[in-house]
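Visitor: One structure is given below, represented as structure tokens, and several questions about it will come after.
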Amino acid sequence: MLGLKVQEECMAFDDFERERETERLKRERVAKERKGEWEILKGFVSQFALDGKTFDGNRFAWTTDLTGNPMLVLNFVSATLCGDESIGGKWRYSVIFSRKPAGSGAAYPDDSPIPSKEWELTGDIVNDGFVWCVNRDRGRAATDIADAVAETLARYHVEYEQAYGRAS
């Protein structure tokens, strides 16, 4: 009886060790692939503007903010894609939905009527493929995240226009 219990504990250790090694390999792969995947994601998001897509009669535009971060713009709102290396070499990726920046030397006469929204993006490997996780969800492919960015921006646009009494 004692021999069986020891064998079960060893199998549990082997499973634990295998699981840790799998997680280590995933972390290394995410670190290796994230920069290229970030460029791919930005490319898919930019396609909404490059393809001339519209929403509520407004065309999507692809531009950058004053710090060089790319953003998808819809009328007075934007989705800014931020990818920064922070202190300690950790990368931070996010999408910030907010009122479009006023531009160089310009300012809005009022505060935005609705608060900005932020998605924290982290990379993961699921079914042997790279996925982006939004606020720690299960993860989706870059094409699906790009579509969600455009949809969320369109919804943010509606909310913004409603706040100013201009929504139809």
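In the structure tokens, the first chain shown is A, the next is B, and so on; residue numbers restart at 1 for each chain, and ligands run from 1 in the order shown.
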Which stretch 60-132 of chain A residues have any atom within 7 Å of an atom of stretch 25-44 of chain A, and for each, what is the nearest pair of atoms with distance in Å to one decimal, counting only C-alpha atoms, rows sorted by chain and number, as a Markdown table?

Guide:
```
| residue | atom | partner | partner_atom | distance |
| --- | --- | --- | --- | --- |
| A:Gly123 | CA | A:Val30 | CA | 6.0 |
| A:Asp124 | CA | A:Val30 | CA | 6.1 |
| A:Ile125 | CA | A:Lys26 | CA | 6.2 |
```

Visitor: Find the residues around A:Trp119 up to 9 Å (only C-alpha atoms counted), leave out those fewer than 3 positions away in its own chain, and share them as a PyMOL selection string.

Guide: chain A and resi 93-97+134-135

Visitor: Any idea what the distance is between atom CA of A:Val73 and atom CA of A:Lys100?

Guide: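 Pair atom CA of A:Val73 / atom CA of A:Lys100 returns 7.0 Å.
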
Visitor: Would you pick out the contacts of A:Phe55 at 12 Å or less, using only C-alpha atoms, so that residues sharing its chain but fewer than 6 positions from it are not included, and give the list as an NGL selection string?

Guide: :A and (48-49 or 61 or 73-75 or 150-158)

Visitor: Kindly indicate which residue among A:Met71, A:Val45, A:Tyr160, A:Thr54 lies nearest to A:Ala148, using only C-alpha atoms for the distances.

Guide: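 Using only C-alpha atoms, A:Ala148 sits closest to A:Val45.
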